[in-house]
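Q: This is the structure I want to talk about, given as structure tokens.
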Amino acid sequence: MGEHLGDDTVLVNEMGVVPQHAGINNPGRYFGPSPAGGLGWGLGAALGAKLAAPDDLIIATIGDGSYFFGNPMAAHYCARAYDLPILFIVVNNHGWGAVRRATKAMYPDGKALTGNDIPLSRIDPAPDYEMIIEACGGYGERVTDPDALPDALARAVKMVREERRQVLLNVVVSEVV
């Protein structure tokens, strides 16, 4: 993803991407998660970033659990209604990592941790996230092969920049265990 990040790019990160590793060193170009929490803030933040910087490339990296909490239909509707082309990258591991971590932190010896299936921490079966954006006039693509990701990113950035469409890449990674 780093090759697509330039001086005219804003990264809204709800996935743990470290700004220095992404090559972002300028103020106002990176918005990351608060240590206080707030799952789902990334979608709205990306919309706000695009409104504030209409000529810039806005990329939002969001986990699938956070995507759920962010009210994606409303976000994609607003992106369409207000002509806000944004690249949304959903990192789909079929689970709510925040729920798993919070459960382990709060109840390290609790019953939920005795098995490998912490209640309410799995998103299974997972929706076809790429279809949600398509229902709102955007382009969605499912990426399951890591080798296909660079080309998918290049296509997505081109669509956002040149066609001024909102795009979602549903990047399926290993499931939560």
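Numbering starts fresh at 1 for the residues of each chain in the structure tokens, the chains themselves are lettered A, B, ... in the order given, and ligands are numbered from 1 as they appear.
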Please list as a PyMOL selection string every residue within 12 Å of Lys158 in chain A, counting only C-alpha atoms and excluding residues in the same chain fewer than 5 positions away.

A: chain A and resi 4+57+85-87+139+151-153+163-167

Q: Would you list the contacts of Gly70 in chain A as a list of chain:residue names, taking every protein, DNA or RNA residue within 9 Å and counting only C-alpha atoms, but skipping same-chain residues closer than 4 positions in sequence?

A: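 Contacts, in chain order: A:Leu39, A:Gly40, A:Trp41, A:Gly42, A:Leu43, A:Gly44, A:Gly65, A:Ser66, A:Ala74, A:Ala75.
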
Q: Just checking: using only C-alpha atoms, which residue out of A:Arg122, A:Val173, A:Gly6, A:Asn26 ends up closest to Asp56 in chain A?

A: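 Closest residue, counting only C-alpha atoms: A:Gly6.
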
Q: Nearest to Cys136 in chain A: which of A:Ala156, A:Ser174, A:His76, A:Leu169 is it, counting only C-alpha atoms?

A: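 Between A:Ala156, A:Ser174, A:His76, A:Leu169, the residue approaching Cys136 in chain A most closely is A:His76.
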
Q: Just the alpha helix (DSSP H) stuff from chain A, please, per backbone DSSP, written as JSON, numbers by chain.

A: {"A": [41, 42, 43, 44, 45, 46, 47, 48, 49, 50, 51, 52, 64, 65, 66, 67, 68, 69, 72, 73, 74, 75, 76, 77, 78, 79, 80, 81, 97, 98, 99, 100, 101, 102, 103, 104, 105, 106, 129, 130, 131, 132, 133, 134, 149, 150, 151, 152, 153, 154, 155, 156, 157, 158]}

Q: Please produce a file of the residues just selected, as a PDB file, in the first residue's frame, where the atoms kept are C-alpha atoms.

A:
```
ATOM      1  CA  TRP A  41     -15.042   5.448  13.821  1.00  0.00           C
ATOM      2  CA  GLY A  42     -12.972   4.932  10.648  1.00  0.00           C
ATOM      3  CA  LEU A  43     -15.805   5.105   8.112  1.00  0.00           C
ATOM      4  CA  GLY A  44     -17.085   8.456   9.348  1.00  0.00           C
ATOM      5  CA  ALA A  45     -13.555   9.786   9.750  1.00  0.00           C
ATOM      6  CA  ALA A  46     -12.804   8.907   6.116  1.00  0.00           C
ATOM      7  CA  LEU A  47     -15.907  10.800   4.972  1.00  0.00           C
ATOM      8  CA  GLY A  48     -14.856  13.812   7.039  1.00  0.00           C
ATOM      9  CA  ALA A  49     -11.298  13.648   5.699  1.00  0.00           C
ATOM     10  CA  LYS A  50     -12.611  13.657   2.114  1.00  0.00           C
ATOM     11  CA  LEU A  51     -14.863  16.623   2.839  1.00  0.00           C
ATOM     12  CA  ALA A  52     -11.889  18.487   4.331  1.00  0.00           C
ATOM     13  CA  ASP A  64     -14.324  -6.322   9.381  1.00  0.00           C
ATOM     14  CA  GLY A  65     -15.648  -5.971  12.932  1.00  0.00           C
ATOM     15  CA  SER A  66     -15.108  -2.214  12.889  1.00  0.00           C
ATOM     16  CA  TYR A  67     -16.767  -2.067   9.476  1.00  0.00           C
ATOM     17  CA  PHE A  68     -19.893  -3.559  11.060  1.00  0.00           C
ATOM     18  CA  PHE A  69     -19.873  -1.017  13.880  1.00  0.00           C
ATOM     19  CA  PRO A  72     -21.437   0.866   6.333  1.00  0.00           C
ATOM     20  CA  MET A  73     -24.711   1.406   4.476  1.00  0.00           C
ATOM     21  CA  ALA A  74     -24.981   4.931   5.831  1.00  0.00           C
ATOM     22  CA  ALA A  75     -21.309   5.643   5.098  1.00  0.00           C
ATOM     23  CA  HIS A  76     -21.474   4.395   1.513  1.00  0.00           C
ATOM     24  CA  TYR A  77     -24.767   6.183   0.946  1.00  0.00           C
ATOM     25  CA  CYS A  78     -23.177   9.474   2.087  1.00  0.00           C
ATOM     26  CA  ALA A  79     -20.106   8.852  -0.065  1.00  0.00           C
ATOM     27  CA  ARG A  80     -22.374   8.443  -3.077  1.00  0.00           C
ATOM     28  CA  ALA A  81     -24.756  11.289  -2.253  1.00  0.00           C
ATOM     29  CA  GLY A  97     -10.256  -8.951  17.569  1.00  0.00           C
ATOM     30  CA  ALA A  98     -11.180  -6.162  20.001  1.00  0.00           C
ATOM     31  CA  VAL A  99     -13.795  -8.397  21.650  1.00  0.00           C
ATOM     32  CA  ARG A 100     -11.276 -11.245  21.957  1.00  0.00           C
ATOM     33  CA  ARG A 101      -8.616  -8.955  23.455  1.00  0.00           C
ATOM     34  CA  ALA A 102     -11.047  -7.306  25.864  1.00  0.00           C
ATOM     35  CA  THR A 103     -12.382 -10.664  27.037  1.00  0.00           C
ATOM     36  CA  LYS A 104      -8.867 -11.986  27.629  1.00  0.00           C
ATOM     37  CA  ALA A 105      -7.850  -8.808  29.466  1.00  0.00           C
ATOM     38  CA  MET A 106     -10.944  -8.627  31.657  1.00  0.00           C
ATOM     39  CA  TYR A 129     -18.625  -6.745   2.099  1.00  0.00           C
ATOM     40  CA  GLU A 130     -17.865  -5.892  -1.514  1.00  0.00           C
ATOM     41  CA  MET A 131     -21.583  -6.183  -2.273  1.00  0.00           C
ATOM     42  CA  ILE A 132     -22.517  -3.555   0.337  1.00  0.00           C
ATOM     43  CA  ILE A 133     -20.644  -0.793  -1.471  1.00  0.00           C
ATOM     44  CA  GLU A 134     -22.029  -1.960  -4.825  1.00  0.00           C
ATOM     45  CA  LEU A 149      -3.411  -7.560  -3.705  1.00  0.00           C
ATOM     46  CA  PRO A 150      -0.927  -5.187  -5.433  1.00  0.00           C
ATOM     47  CA  ASP A 151      -2.915  -5.247  -8.688  1.00  0.00           C
ATOM     48  CA  ALA A 152      -6.214  -4.867  -6.819  1.00  0.00           C
ATOM     49  CA  LEU A 153      -4.817  -1.839  -4.968  1.00  0.00           C
ATOM     50  CA  ALA A 154      -3.589  -0.285  -8.215  1.00  0.00           C
ATOM     51  CA  ARG A 155      -7.022  -0.778  -9.839  1.00  0.00           C
ATOM     52  CA  ALA A 156      -8.765   0.627  -6.783  1.00  0.00           C
ATOM     53  CA  VAL A 157      -6.582   3.745  -6.564  1.00  0.00           C
ATOM     54  CA  LYS A 158      -7.060   4.363 -10.286  1.00  0.00           C
TER      55      LYS A 158
END
```

Q: Which residue out of A:Ile59, A:Ala135, A:Pro33, A:Ala53 has the minimum interatomic distance to Leu5 in chain A when only C-alpha atoms are used?

A: A:Ile59
